[in-house]
Each structure stands twice: as C-alpha cells, then as structure tokens.
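This is protein-v3.pdb (PDB, C-alpha atoms).
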```pdb
ATOM      1  CA  MET E1105      -3.233  47.382   0.803  1.00  0.00           C
ATOM      2  CA  LYS E1106      -2.294  50.889  -0.376  1.00  0.00           C
ATOM      3  CA  LYS E1107       0.975  49.587  -1.802  1.00  0.00           C
ATOM      4  CA  HIS E1108      -0.371  46.337  -3.267  1.00  0.00           C
ATOM      5  CA  LYS E1109      -3.627  47.139  -5.008  1.00  0.00           C
ATOM      6  CA  ASN E1110      -4.431  43.487  -5.683  1.00  0.00           C
ATOM      7  CA  VAL E1111      -4.702  42.755  -1.924  1.00  0.00           C
ATOM      8  CA  LYS E1112      -8.379  42.826  -0.943  1.00  0.00           C
ATOM      9  CA  SER E1113      -8.174  41.439   2.623  1.00  0.00           C
ATOM     10  CA  VAL E1114      -5.547  41.132   5.340  1.00  0.00           C
ATOM     11  CA  LEU E1115      -5.806  38.342   7.909  1.00  0.00           C
ATOM     12  CA  LYS E1116      -3.919  37.737  11.135  1.00  0.00           C
ATOM     13  CA  LYS E1117      -3.214  34.192  12.291  1.00  0.00           C
ATOM     14  CA  GLY E1118      -5.136  33.446  15.474  1.00  0.00           C
ATOM     15  CA  SER E1119      -4.138  29.837  16.111  1.00  0.00           C
ATOM     16  CA  PRO E1120      -1.841  27.081  14.890  1.00  0.00           C
ATOM     17  CA  ILE E1121      -3.111  24.615  12.297  1.00  0.00           C
ATOM     18  CA  LYS E1122      -5.415  22.215  14.114  1.00  0.00           C
ATOM     19  CA  GLY E1123      -8.157  19.624  13.742  1.00  0.00           C
ATOM     20  CA  VAL E1124      -8.859  16.946  11.184  1.00  0.00           C
ATOM     21  CA  TYR E1125      -9.357  19.560   8.462  1.00  0.00           C
ATOM     22  CA  ARG E1126      -5.974  21.249   9.167  1.00  0.00           C
ATOM     23  CA  THR E1127      -7.390  24.767   9.377  1.00  0.00           C
ATOM     24  CA  ARG E1128      -6.455  27.676  11.632  1.00  0.00           C
ATOM     25  CA  GLU E1129      -8.326  30.620  13.113  1.00  0.00           C
ATOM     26  CA  TYR E1130      -7.841  34.087  11.591  1.00  0.00           C
ATOM     27  CA  SER E1131      -8.970  37.586  12.438  1.00  0.00           C
ATOM     28  CA  LEU E1132      -9.714  40.126   9.713  1.00  0.00           C
ATOM     29  CA  ILE E1133      -7.462  43.172  10.089  1.00  0.00           C
ATOM     30  CA  ALA E1134      -8.669  45.100   7.049  1.00  0.00           C
ATOM     31  CA  GLY E1135     -10.538  44.720   3.801  1.00  0.00           C
ATOM     32  CA  ASN E1136     -13.307  42.528   2.479  1.00  0.00           C
ATOM     33  CA  LYS E1137     -14.900  39.966   4.802  1.00  0.00           C
ATOM     34  CA  LYS E1138     -15.142  37.612   1.848  1.00  0.00           C
ATOM     35  CA  THR E1139     -11.673  36.040   1.935  1.00  0.00           C
ATOM     36  CA  GLU E1140     -11.931  33.714  -1.055  1.00  0.00           C
ATOM     37  CA  VAL E1141      -8.894  34.164  -3.275  1.00  0.00           C
ATOM     38  CA  VAL E1142      -7.268  32.762  -6.415  1.00  0.00           C
ATOM     39  CA  HIS E1143      -3.624  31.804  -5.898  1.00  0.00           C
ATOM     40  CA  ALA E1144      -1.421  31.426  -8.980  1.00  0.00           C
ATOM     41  CA  GLU E1145       1.670  29.225  -9.161  1.00  0.00           C
ATOM     42  CA  ASN E1146       3.465  26.988 -11.669  1.00  0.00           C
ATOM     43  CA  SER E1147       1.058  28.003 -14.466  1.00  0.00           C
ATOM     44  CA  CYS E1148      -1.903  26.840 -12.326  1.00  0.00           C
ATOM     45  CA  ARG E1149      -4.622  28.680 -10.398  1.00  0.00           C
ATOM     46  CA  PHE E1150      -6.201  27.647  -7.116  1.00  0.00           C
ATOM     47  CA  LEU E1151      -9.446  29.031  -5.765  1.00  0.00           C
ATOM     48  CA  LEU E1152      -9.702  28.744  -1.976  1.00  0.00           C
ATOM     49  CA  ASP E1153     -10.646  30.407   1.289  1.00  0.00           C
ATOM     50  CA  PRO E1154      -7.772  30.171   3.828  1.00  0.00           C
ATOM     51  CA  GLN E1155     -10.287  30.365   6.654  1.00  0.00           C
ATOM     52  CA  GLN E1156     -11.943  27.120   5.542  1.00  0.00           C
ATOM     53  CA  VAL E1157      -9.176  24.980   4.027  1.00  0.00           C
ATOM     54  CA  TYR E1158      -5.483  24.256   4.391  1.00  0.00           C
ATOM     55  CA  PHE E1159      -3.175  25.725   1.768  1.00  0.00           C
ATOM     56  CA  SER E1160       0.518  26.645   1.798  1.00  0.00           C
ATOM     57  CA  PRO E1161       1.881  28.843  -0.996  1.00  0.00           C
ATOM     58  CA  ARG E1162       5.357  28.254   0.479  1.00  0.00           C
ATOM     59  CA  GLU E1163       5.314  24.738  -0.924  1.00  0.00           C
ATOM     60  CA  SER E1164       5.127  25.717  -4.599  1.00  0.00           C
ATOM     61  CA  THR E1165       8.799  24.826  -5.139  1.00  0.00           C
ATOM     62  CA  GLU E1166       8.300  21.429  -3.530  1.00  0.00           C
ATOM     63  CA  ARG E1167       5.302  20.731  -5.740  1.00  0.00           C
ATOM     64  CA  LEU E1168       7.474  21.428  -8.761  1.00  0.00           C
ATOM     65  CA  ARG E1169      10.233  19.140  -7.423  1.00  0.00           C
ATOM     66  CA  ILE E1170       7.818  16.230  -7.146  1.00  0.00           C
ATOM     67  CA  THR E1171       6.440  16.884 -10.627  1.00  0.00           C
ATOM     68  CA  GLY E1172       9.946  16.475 -12.015  1.00  0.00           C
ATOM     69  CA  GLN E1173      10.065  12.913 -10.667  1.00  0.00           C
ATOM     70  CA  VAL E1174       6.797  11.702 -12.185  1.00  0.00           C
ATOM     71  CA  ARG E1175       7.365   9.538 -15.263  1.00  0.00           C
ATOM     72  CA  ASP E1176       5.143   9.197 -18.304  1.00  0.00           C
ATOM     73  CA  ASP E1177       2.044   7.080 -17.609  1.00  0.00           C
ATOM     74  CA  ASP E1178       2.656   6.839 -13.852  1.00  0.00           C
ATOM     75  CA  VAL E1179      -0.314   6.256 -11.564  1.00  0.00           C
ATOM     76  CA  VAL E1180      -0.019   8.839  -8.772  1.00  0.00           C
ATOM     77  CA  MET E1181      -1.772   8.721  -5.396  1.00  0.00           C
ATOM     78  CA  VAL E1182      -1.983  11.893  -3.278  1.00  0.00           C
ATOM     79  CA  PHE E1183      -3.051  11.560   0.352  1.00  0.00           C
ATOM     80  CA  PHE E1184      -4.401  14.696   2.134  1.00  0.00           C
ATOM     81  CA  ALA E1185      -4.877  16.442  -1.214  1.00  0.00           C
ATOM     82  CA  GLY E1186      -6.592  19.618   0.023  1.00  0.00           C
ATOM     83  CA  VAL E1187      -7.821  21.911  -2.750  1.00  0.00           C
ATOM     84  CA  GLY E1188      -5.681  20.035  -5.279  1.00  0.00           C
ATOM     85  CA  PRO E1189      -2.298  21.790  -5.589  1.00  0.00           C
ATOM     86  CA  PHE E1190      -0.141  18.648  -5.846  1.00  0.00           C
ATOM     87  CA  PRO E1191      -2.460  16.717  -8.216  1.00  0.00           C
ATOM     88  CA  ILE E1192      -3.148  19.683 -10.490  1.00  0.00           C
ATOM     89  CA  VAL E1193       0.492  20.801 -10.757  1.00  0.00           C
ATOM     90  CA  ILE E1194       1.544  17.189 -11.419  1.00  0.00           C
ATOM     91  CA  GLU E1195      -0.974  16.858 -14.240  1.00  0.00           C
ATOM     92  CA  LYS E1196      -0.075  20.242 -15.679  1.00  0.00           C
ATOM     93  CA  LYS E1197       3.696  19.728 -15.616  1.00  0.00           C
ATOM     94  CA  SER E1198       4.097  15.987 -16.288  1.00  0.00           C
ATOM     95  CA  ASN E1199       2.316  13.166 -18.079  1.00  0.00           C
ATOM     96  CA  PRO E1200       0.805  10.677 -15.593  1.00  0.00           C
ATOM     97  CA  SER E1201      -1.872   8.269 -16.751  1.00  0.00           C
ATOM     98  CA  ARG E1202      -3.986   8.747 -13.638  1.00  0.00           C
ATOM     99  CA  ILE E1203      -3.998  10.731 -10.382  1.00  0.00           C
ATOM    100  CA  ILE E1204      -6.008   9.627  -7.344  1.00  0.00           C
ATOM    101  CA  ALA E1205      -6.486  12.329  -4.724  1.00  0.00           C
ATOM    102  CA  ILE E1206      -7.964  11.798  -1.262  1.00  0.00           C
ATOM    103  CA  GLU E1207      -9.192  14.574   1.043  1.00  0.00           C
ATOM    104  CA  ILE E1208     -11.368  14.445   4.161  1.00  0.00           C
ATOM    105  CA  ASN E1209     -12.520  18.095   4.274  1.00  0.00           C
ATOM    106  CA  PRO E1210     -15.711  18.441   2.170  1.00  0.00           C
ATOM    107  CA  THR E1211     -15.164  22.184   1.754  1.00  0.00           C
ATOM    108  CA  ALA E1212     -11.675  21.541   0.383  1.00  0.00           C
ATOM    109  CA  VAL E1213     -13.071  18.917  -1.983  1.00  0.00           C
ATOM    110  CA  GLY E1214     -15.628  21.456  -3.215  1.00  0.00           C
ATOM    111  CA  TYR E1215     -12.807  23.861  -4.049  1.00  0.00           C
ATOM    112  CA  PHE E1216     -10.819  20.982  -5.540  1.00  0.00           C
ATOM    113  CA  TRP E1217     -13.587  20.286  -8.082  1.00  0.00           C
ATOM    114  CA  LYS E1218     -13.704  23.992  -8.951  1.00  0.00           C
ATOM    115  CA  ASN E1219      -9.914  24.009  -9.401  1.00  0.00           C
ATOM    116  CA  ILE E1220     -10.086  20.973 -11.670  1.00  0.00           C
ATOM    117  CA  LYS E1221     -12.460  22.942 -13.868  1.00  0.00           C
ATOM    118  CA  LEU E1222     -10.385  26.131 -13.550  1.00  0.00           C
ATOM    119  CA  ASN E1223      -7.236  24.333 -14.717  1.00  0.00           C
ATOM    120  CA  LYS E1224      -8.982  22.049 -17.234  1.00  0.00           C
ATOM    121  CA  SER E1225      -7.635  18.925 -15.534  1.00  0.00           C
ATOM    122  CA  GLU E1226      -8.815  15.594 -16.931  1.00  0.00           C
ATOM    123  CA  LYS E1227      -6.866  12.814 -15.196  1.00  0.00           C
ATOM    124  CA  ILE E1228      -7.711  13.391 -11.522  1.00  0.00           C
ATOM    125  CA  GLU E1229     -10.050  11.202  -9.470  1.00  0.00           C
ATOM    126  CA  VAL E1230     -11.167  12.996  -6.289  1.00  0.00           C
ATOM    127  CA  VAL E1231     -12.115  10.872  -3.292  1.00  0.00           C
ATOM    128  CA  LEU E1232     -13.863  12.495  -0.318  1.00  0.00           C
ATOM    129  CA  GLY E1233     -13.003  10.575   2.818  1.00  0.00           C
ATOM    130  CA  ASP E1234     -10.414   9.453   5.320  1.00  0.00           C
ATOM    131  CA  VAL E1235      -7.355   7.753   3.841  1.00  0.00           C
ATOM    132  CA  THR E1236      -7.774   4.668   6.030  1.00  0.00           C
ATOM    133  CA  ASP E1237     -11.283   4.034   4.706  1.00  0.00           C
ATOM    134  CA  SER E1238     -10.704   5.022   1.084  1.00  0.00           C
ATOM    135  CA  VAL E1239      -7.615   3.370  -0.390  1.00  0.00           C
ATOM    136  CA  GLU E1240      -8.157  -0.397  -0.234  1.00  0.00           C
ATOM    137  CA  GLN E1241      -9.533  -0.415  -3.781  1.00  0.00           C
ATOM    138  CA  TYR E1242      -6.195   1.043  -4.981  1.00  0.00           C
ATOM    139  CA  TYR E1243      -3.857  -1.483  -3.331  1.00  0.00           C
ATOM    140  CA  GLY E1244      -0.944  -2.414  -5.573  1.00  0.00           C
ATOM    141  CA  GLN E1245      -1.811   0.098  -8.298  1.00  0.00           C
ATOM    142  CA  CYS E1246       0.346   3.175  -7.674  1.00  0.00           C
ATOM    143  CA  ASP E1247       3.754   4.186  -8.998  1.00  0.00           C
ATOM    144  CA  ARG E1248       3.953   7.263  -6.740  1.00  0.00           C
ATOM    145  CA  VAL E1249       2.347   7.920  -3.350  1.00  0.00           C
ATOM    146  CA  LEU E1250       2.561  11.396  -1.814  1.00  0.00           C
ATOM    147  CA  MET E1251       2.025  11.952   1.926  1.00  0.00           C
ATOM    148  CA  PRO E1252       2.178  15.753   2.423  1.00  0.00           C
ATOM    149  CA  LEU E1253       0.932  15.846   6.038  1.00  0.00           C
ATOM    150  CA  PRO E1254       4.079  15.968   8.189  1.00  0.00           C
ATOM    151  CA  GLU E1255       2.220  15.985  11.511  1.00  0.00           C
ATOM    152  CA  LYS E1256       0.457  12.658  10.969  1.00  0.00           C
ATOM    153  CA  SER E1257       1.740  10.953   7.818  1.00  0.00           C
ATOM    154  CA  VAL E1258       3.346   8.223   9.907  1.00  0.00           C
ATOM    155  CA  GLU E1259      -0.144   7.019  10.910  1.00  0.00           C
ATOM    156  CA  TYR E1260      -0.927   6.200   7.269  1.00  0.00           C
ATOM    157  CA  LEU E1261       2.364   4.658   6.145  1.00  0.00           C
ATOM    158  CA  GLY E1262       0.954   1.138   6.077  1.00  0.00           C
ATOM    159  CA  GLU E1263      -1.820   2.209   3.717  1.00  0.00           C
ATOM    160  CA  ALA E1264       0.674   4.019   1.486  1.00  0.00           C
ATOM    161  CA  MET E1265       2.876   0.939   1.212  1.00  0.00           C
ATOM    162  CA  LYS E1266      -0.099  -1.255   0.328  1.00  0.00           C
ATOM    163  CA  CYS E1267      -1.046   1.137  -2.489  1.00  0.00           C
ATOM    164  CA  MET E1268       2.407   0.964  -4.090  1.00  0.00           C
ATOM    165  CA  LYS E1269       3.420  -1.233  -7.000  1.00  0.00           C
ATOM    166  CA  GLN E1270       6.696  -3.129  -6.948  1.00  0.00           C
ATOM    167  CA  GLY E1271       9.274  -0.424  -7.641  1.00  0.00           C
ATOM    168  CA  GLY E1272       6.849   2.320  -6.643  1.00  0.00           C
ATOM    169  CA  VAL E1273       8.083   5.356  -4.727  1.00  0.00           C
ATOM    170  CA  CYS E1274       6.612   6.985  -1.615  1.00  0.00           C
ATOM    171  CA  TYR E1275       7.243  10.613  -0.662  1.00  0.00           C
ATOM    172  CA  PHE E1276       6.899  10.758   3.132  1.00  0.00           C
ATOM    173  CA  TYR E1277       6.857  14.172   4.839  1.00  0.00           C
ATOM    174  CA  CYS E1278       7.766  14.765   8.477  1.00  0.00           C
ATOM    175  CA  PHE E1279       9.096  17.354  10.914  1.00  0.00           C
ATOM    176  CA  SER E1280      12.567  16.554  12.231  1.00  0.00           C
ATOM    177  CA  SER E1281      15.972  17.769  13.238  1.00  0.00           C
ATOM    178  CA  ASP E1282      18.818  16.893  10.902  1.00  0.00           C
ATOM    179  CA  ASP E1283      19.019  13.433  12.488  1.00  0.00           C
ATOM    180  CA  LEU E1284      16.472  11.335  10.583  1.00  0.00           C
ATOM    181  CA  ASP E1285      17.507   7.940  11.948  1.00  0.00           C
ATOM    182  CA  GLU E1286      14.483   7.642  14.248  1.00  0.00           C
ATOM    183  CA  LYS E1287      12.094   8.492  11.401  1.00  0.00           C
ATOM    184  CA  LYS E1288      13.701   5.933   9.116  1.00  0.00           C
ATOM    185  CA  GLU E1289      13.577   3.262  11.816  1.00  0.00           C
ATOM    186  CA  LYS E1290       9.844   3.909  12.222  1.00  0.00           C
ATOM    187  CA  ILE E1291       9.292   3.588   8.462  1.00  0.00           C
ATOM    188  CA  LEU E1292      11.190   0.277   8.429  1.00  0.00           C
ATOM    189  CA  TYR E1293       9.195  -0.987  11.415  1.00  0.00           C
ATOM    190  CA  ILE E1294       5.882  -0.217   9.683  1.00  0.00           C
ATOM    191  CA  ALA E1295       7.103  -1.813   6.442  1.00  0.00           C
ATOM    192  CA  LYS E1296       7.884  -5.002   8.360  1.00  0.00           C
ATOM    193  CA  SER E1297       4.479  -4.917  10.068  1.00  0.00           C
ATOM    194  CA  VAL E1298       2.685  -4.898   6.693  1.00  0.00           C
ATOM    195  CA  LYS E1299       5.136  -7.423   5.206  1.00  0.00           C
ATOM    196  CA  LYS E1300       6.759  -5.052   2.747  1.00  0.00           C
ATOM    197  CA  LYS E1301      10.413  -4.441   1.931  1.00  0.00           C
ATOM    198  CA  ILE E1302      11.596  -0.915   1.169  1.00  0.00           C
ATOM    199  CA  ARG E1303      14.772   0.883   0.199  1.00  0.00           C
ATOM    200  CA  PHE E1304      15.510   4.530   1.058  1.00  0.00           C
ATOM    201  CA  ILE E1305      16.428   6.478  -2.067  1.00  0.00           C
ATOM    202  CA  GLY E1306      16.557  10.129  -1.032  1.00  0.00           C
ATOM    203  CA  VAL E1307      16.012  12.924   1.472  1.00  0.00           C
ATOM    204  CA  GLN E1308      14.925  16.509   0.776  1.00  0.00           C
ATOM    205  CA  ARG E1309      14.947  19.357   3.274  1.00  0.00           C
ATOM    206  CA  VAL E1310      11.761  21.220   2.279  1.00  0.00           C
ATOM    207  CA  LEU E1311      11.093  24.172   4.593  1.00  0.00           C
ATOM    208  CA  PRO E1312      12.155  25.501   8.013  1.00  0.00           C
ATOM    209  CA  TYR E1313       9.576  24.804  10.729  1.00  0.00           C
ATOM    210  CA  GLY E1314      11.122  25.918  14.023  1.00  0.00           C
ATOM    211  CA  PRO E1315      14.469  26.247  15.818  1.00  0.00           C
ATOM    212  CA  ARG E1316      16.641  23.458  14.360  1.00  0.00           C
ATOM    213  CA  ILE E1317      13.490  21.716  13.073  1.00  0.00           C
ATOM    214  CA  TRP E1318      12.738  21.307   9.358  1.00  0.00           C
ATOM    215  CA  LYS E1319      10.050  19.851   7.211  1.00  0.00           C
ATOM    216  CA  TYR E1320      11.706  16.929   5.483  1.00  0.00           C
ATOM    217  CA  ARG E1321      10.737  14.573   2.699  1.00  0.00           C
ATOM    218  CA  ILE E1322      12.007  11.008   2.929  1.00  0.00           C
ATOM    219  CA  ASP E1323      11.759   9.033  -0.321  1.00  0.00           C
ATOM    220  CA  PHE E1324      11.663   5.247  -0.338  1.00  0.00           C
ATOM    221  CA  GLU E1325      11.046   2.549  -2.930  1.00  0.00           C
ATOM    222  CA  LEU E1326       9.053  -0.668  -2.563  1.00  0.00           C
ATOM    223  CA  VAL E1327      11.347  -3.594  -3.365  1.00  0.00           C
ATOM    224  CA  GLY E1328       9.333  -6.540  -2.094  1.00  0.00           C
TER
END
```

If you took the structure in this file and wrote it as structure tokens, what would it be?
Amino acid sequence: MKKHKNVKSVLKKGSPIKGVYRTREYSLIAGNKKTEVVHAENSCRFLLDPQQVYFSPRESTERLRITGQVRDDDVVMVFFAGVGPFPIVIEKKSNPSRIIAIEINPTAVGYFWKNIKLNKSEKIEVVLGDVTDSVEQYYGQCDRVLMPLPEKSVEYLGEAMKCMKQGGVCYFYCFSSDDLDEKKEKILYIAKSVKKKIRFIGVQRVLPYGPRIWKYRIDFELVG
C-alpha cells in the first residue's frame, strides 16, 4: 500500500471458489473494510466487490479474444455473466445486434446494471436466474453462446446447443490436461442426446490452473 498509492485494501484468500454464486472467503489484511473497487480493462470499467461476486482480472485477454470473433449484427448469449465483463467488452469492442446475459447471483446482477450504466452499454439484456430456467425463450436465436464456467459448463451444454442458430458457435470452457478427447466425447454425447450435430472448430489454452491442468476453451459449430 505504501508503494502503490491507489491500493485501498488488501485481502487474503481464505477459501477456494465455492457455491452457486462462485464466491470465496477473504480476510482483510490491511486498509479499508469497504472493498468495493472499480477494475479497468479493455477501455471498460467494472464496479464490484470481490467478497460478494466472482470476477477474474486474469481473463481480460480471453475476453478480448472472444470479442475478435463476434461478427457484425451477431446475437450473443453469455451464460454465467457475473458483473458483465464479457457482455460489456463484447459490446464495446465489436458490433453485435443484441447480447443476452444470464446470472444467478442477485448481487452480481446489481453490479452488472451499474456497470451497464458506467460503460453506457445499450444492447445488453440482463436476466437474473439459473440458466436452465431462463433460456427456453431464446432457443434457436443465438449466433454465439459463451459458457465461461469451467467447473460446471458441461451441465448446461444441452441448453447452449438449443440456443444456437444453424452455423452458430459455442465457446465451452473446461479444466483439463492437454488430452481433450474425453471432453470432446462428452460434448458429442450431449449433442446427440438433444438431437444436434456439431463440428469442432478450435481449441484455446486460456490460463494455467494447476500442475499439468489448464483452463481450456473448446469451440464448436452447430451444423444440424
């Protein structure tokens, strides 16, 4: 704090990320007990409290990668949207026609609405709720579906596939070693169970997670 005058609080991680809201416990080492902060990245600003919501500044590069793949007038669906980093960066850096963002944590959604105002976003629809209960109205409408919850994204793959248009692309995140065959087999199995045909179009190693384990993104296209 003496060296970096902009630092107002220092927190120590007290637990892994856990629970439906994907938060972790922290202990305050020094500074202000009010731990709300504004994080800046990719010409955007995000108001949040790390003790109440999930947020990873390490993923700023990945958010920019995804933005580069969004085409003009795409309809983008973001599962597990948190305080809005993916939707807001996508709107700021590309030209989608519509972004639908779903988040189950009401505190995160509250910050999301504040961040929409902070960044003057105009194309984002925020849905408070669980993905399973919230996406049926969007079936067959989306050009891009993002699933940035590597721990549990596999549980929602069927819903993602149903939301996609013909030719739409899904960005599926998972934790894995360098051998992704098992993950791909699971994706194919779920596609068959919901009567969809897909084609794998890319893999991106995103971030290190543990010894010989990485956060990966598997991209696939709906072809039938």

Need the shell around range 1248-1262 of chain E: protein/DNA/RNA residues with any atom at most 6 Å away, counting all atoms listed in the file. Skip same-chain ones fewer than 6 positions apart. Format as a PyMOL selection string? chain E and resi 1180-1183+1272-1279

Near-Val1157 in chain E list (12 Å; only C-alpha atoms; drop same-chain fewer than 5 positions) as a PDB file with C-alpha atoms, keeping the file's coordinate frame:
```pdb
ATOM      1  CA  ILE E1121      -3.111  24.615  12.297  1.00  0.00           C
ATOM      2  CA  LYS E1122      -5.415  22.215  14.114  1.00  0.00           C
ATOM      3  CA  GLY E1123      -8.157  19.624  13.742  1.00  0.00           C
ATOM      4  CA  VAL E1124      -8.859  16.946  11.184  1.00  0.00           C
ATOM      5  CA  TYR E1125      -9.357  19.560   8.462  1.00  0.00           C
ATOM      6  CA  ARG E1126      -5.974  21.249   9.167  1.00  0.00           C
ATOM      7  CA  THR E1127      -7.390  24.767   9.377  1.00  0.00           C
ATOM      8  CA  ARG E1128      -6.455  27.676  11.632  1.00  0.00           C
ATOM      9  CA  GLU E1129      -8.326  30.620  13.113  1.00  0.00           C
ATOM     10  CA  TYR E1130      -7.841  34.087  11.591  1.00  0.00           C
ATOM     11  CA  THR E1139     -11.673  36.040   1.935  1.00  0.00           C
ATOM     12  CA  GLU E1140     -11.931  33.714  -1.055  1.00  0.00           C
ATOM     13  CA  VAL E1141      -8.894  34.164  -3.275  1.00  0.00           C
ATOM     14  CA  PHE E1150      -6.201  27.647  -7.116  1.00  0.00           C
ATOM     15  CA  LEU E1151      -9.446  29.031  -5.765  1.00  0.00           C
ATOM     16  CA  LEU E1152      -9.702  28.744  -1.976  1.00  0.00           C
ATOM     17  CA  PHE E1184      -4.401  14.696   2.134  1.00  0.00           C
ATOM     18  CA  ALA E1185      -4.877  16.442  -1.214  1.00  0.00           C
ATOM     19  CA  GLY E1186      -6.592  19.618   0.023  1.00  0.00           C
ATOM     20  CA  VAL E1187      -7.821  21.911  -2.750  1.00  0.00           C
ATOM     21  CA  GLY E1188      -5.681  20.035  -5.279  1.00  0.00           C
ATOM     22  CA  GLU E1207      -9.192  14.574   1.043  1.00  0.00           C
ATOM     23  CA  ILE E1208     -11.368  14.445   4.161  1.00  0.00           C
ATOM     24  CA  ASN E1209     -12.520  18.095   4.274  1.00  0.00           C
ATOM     25  CA  PRO E1210     -15.711  18.441   2.170  1.00  0.00           C
ATOM     26  CA  THR E1211     -15.164  22.184   1.754  1.00  0.00           C
ATOM     27  CA  ALA E1212     -11.675  21.541   0.383  1.00  0.00           C
ATOM     28  CA  VAL E1213     -13.071  18.917  -1.983  1.00  0.00           C
ATOM     29  CA  GLY E1214     -15.628  21.456  -3.215  1.00  0.00           C
ATOM     30  CA  TYR E1215     -12.807  23.861  -4.049  1.00  0.00           C
ATOM     31  CA  PHE E1216     -10.819  20.982  -5.540  1.00  0.00           C
TER      32      PHE E1216
END
```

If you measure from CA of Gln1241 in chain E to CA of Gln1270 in chain E, what distance in Å do you get, rounded to one decimal? 16.8 Å

Given the PyMOL selection byres ((chain E and resi 1143-1147) around 9), the residues it picks as a list in words: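 Against this file, the PyMOL selection byres ((chain E and resi 1143-1147) around 9) returns the residues Val1141, Val1142, Cys1148, Arg1149, Phe1150, Leu1151, Leu1152, Pro1161, Ser1164, Thr1165, Arg1167, Leu1168, Val1193, Lys1196 and Lys1197 of chain E.
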
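Here the question is which of E:Pro1315, E:Asp1282, E:Phe1190, E:Ser1198 gets nearest to Val1174 in chain E using only C-alpha atoms, and that residue is E:Ser1198.
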
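Shortest separation to Lys1299 in chain E among E:Leu1284, E:Met1265, E:Thr1236, E:Tyr1313 occurs at residue E:Met1265, atoms counted being only C-alpha atoms.
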
So that I can see what lies close to Val1179 in chain E, please list as a list of chain:residue names the residues with an atom at most 7 Å from it, counting only C-alpha atoms and leaving out residues fewer than 2 positions away in the same chain.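 So the residues in contact are E:Asp1177, E:Met1181, E:Pro1200, E:Ser1201, E:Arg1202, E:Ile1203, E:Cys1246, E:Asp1247, E:Arg1248.
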
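Taking CA of Glu1286 in chain E and CA of Ala1205 in chain E as endpoints, the distance between them is 28.7 Å.
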
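Note that the spacing between CA of Lys1137 in chain E and CA of Lys1109 in chain E amounts to 16.6 Å.
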
Output requested as a PDB file, in the frame of the given file - range 1218-1223 of chain E, filled out with all heavy atoms.
```
ATOM      1  N   LYS E1218     -13.737  22.709  -8.238  1.00  0.00           N
ATOM      2  CA  LYS E1218     -13.704  23.992  -8.951  1.00  0.00           C
ATOM      3  C   LYS E1218     -12.328  24.223  -9.581  1.00  0.00           C
ATOM      4  O   LYS E1218     -12.223  24.756 -10.699  1.00  0.00           O
ATOM      5  CB  LYS E1218     -14.054  25.130  -7.995  1.00  0.00           C
ATOM      6  CG  LYS E1218     -15.503  25.119  -7.533  1.00  0.00           C
ATOM      7  CD  LYS E1218     -15.773  26.233  -6.532  1.00  0.00           C
ATOM      8  CE  LYS E1218     -17.223  26.183  -6.050  1.00  0.00           C
ATOM      9  NZ  LYS E1218     -17.519  27.238  -5.036  1.00  0.00           N
ATOM     10  N   ASN E1219     -11.267  23.823  -8.870  1.00  0.00           N
ATOM     11  CA  ASN E1219      -9.914  24.009  -9.401  1.00  0.00           C
ATOM     12  C   ASN E1219      -9.612  23.064 -10.555  1.00  0.00           C
ATOM     13  O   ASN E1219      -8.851  23.401 -11.463  1.00  0.00           O
ATOM     14  CB  ASN E1219      -8.895  23.838  -8.271  1.00  0.00           C
ATOM     15  CG  ASN E1219      -8.964  24.983  -7.273  1.00  0.00           C
ATOM     16  OD1 ASN E1219      -9.285  26.100  -7.636  1.00  0.00           O
ATOM     17  ND2 ASN E1219      -8.693  24.692  -6.005  1.00  0.00           N
ATOM     18  N   ILE E1220     -10.201  21.881 -10.520  1.00  0.00           N
ATOM     19  CA  ILE E1220     -10.086  20.973 -11.670  1.00  0.00           C
ATOM     20  C   ILE E1220     -10.674  21.639 -12.918  1.00  0.00           C
ATOM     21  O   ILE E1220     -10.072  21.616 -13.992  1.00  0.00           O
ATOM     22  CB  ILE E1220     -10.787  19.634 -11.368  1.00  0.00           C
ATOM     23  CG1 ILE E1220      -9.927  18.799 -10.424  1.00  0.00           C
ATOM     24  CG2 ILE E1220     -11.084  18.854 -12.655  1.00  0.00           C
ATOM     25  CD1 ILE E1220     -10.594  17.530  -9.941  1.00  0.00           C
ATOM     26  N   LYS E1221     -11.823  22.243 -12.744  1.00  0.00           N
ATOM     27  CA  LYS E1221     -12.460  22.942 -13.868  1.00  0.00           C
ATOM     28  C   LYS E1221     -11.649  24.160 -14.275  1.00  0.00           C
ATOM     29  O   LYS E1221     -11.443  24.423 -15.470  1.00  0.00           O
ATOM     30  CB  LYS E1221     -13.883  23.359 -13.484  1.00  0.00           C
ATOM     31  CG  LYS E1221     -14.669  23.997 -14.608  1.00  0.00           C
ATOM     32  CD  LYS E1221     -16.107  24.289 -14.185  1.00  0.00           C
ATOM     33  CE  LYS E1221     -16.902  24.919 -15.322  1.00  0.00           C
ATOM     34  NZ  LYS E1221     -18.311  25.205 -14.911  1.00  0.00           N
ATOM     35  N   LEU E1222     -11.144  24.913 -13.288  1.00  0.00           N
ATOM     36  CA  LEU E1222     -10.385  26.131 -13.550  1.00  0.00           C
ATOM     37  C   LEU E1222      -9.112  25.834 -14.341  1.00  0.00           C
ATOM     38  O   LEU E1222      -8.696  26.618 -15.199  1.00  0.00           O
ATOM     39  CB  LEU E1222     -10.036  26.798 -12.209  1.00  0.00           C
ATOM     40  CG  LEU E1222      -9.453  28.204 -12.221  1.00  0.00           C
ATOM     41  CD1 LEU E1222     -10.450  29.206 -12.798  1.00  0.00           C
ATOM     42  CD2 LEU E1222      -9.061  28.616 -10.801  1.00  0.00           C
ATOM     43  N   ASN E1223      -8.494  24.689 -14.069  1.00  0.00           N
ATOM     44  CA  ASN E1223      -7.236  24.333 -14.717  1.00  0.00           C
ATOM     45  C   ASN E1223      -7.395  23.308 -15.851  1.00  0.00           C
ATOM     46  O   ASN E1223      -6.406  22.829 -16.396  1.00  0.00           O
ATOM     47  CB  ASN E1223      -6.260  23.779 -13.669  1.00  0.00           C
ATOM     48  CG  ASN E1223      -5.815  24.849 -12.692  1.00  0.00           C
ATOM     49  OD1 ASN E1223      -4.907  25.617 -12.974  1.00  0.00           O
ATOM     50  ND2 ASN E1223      -6.463  24.910 -11.534  1.00  0.00           N
TER      51      ASN E1223
END
```
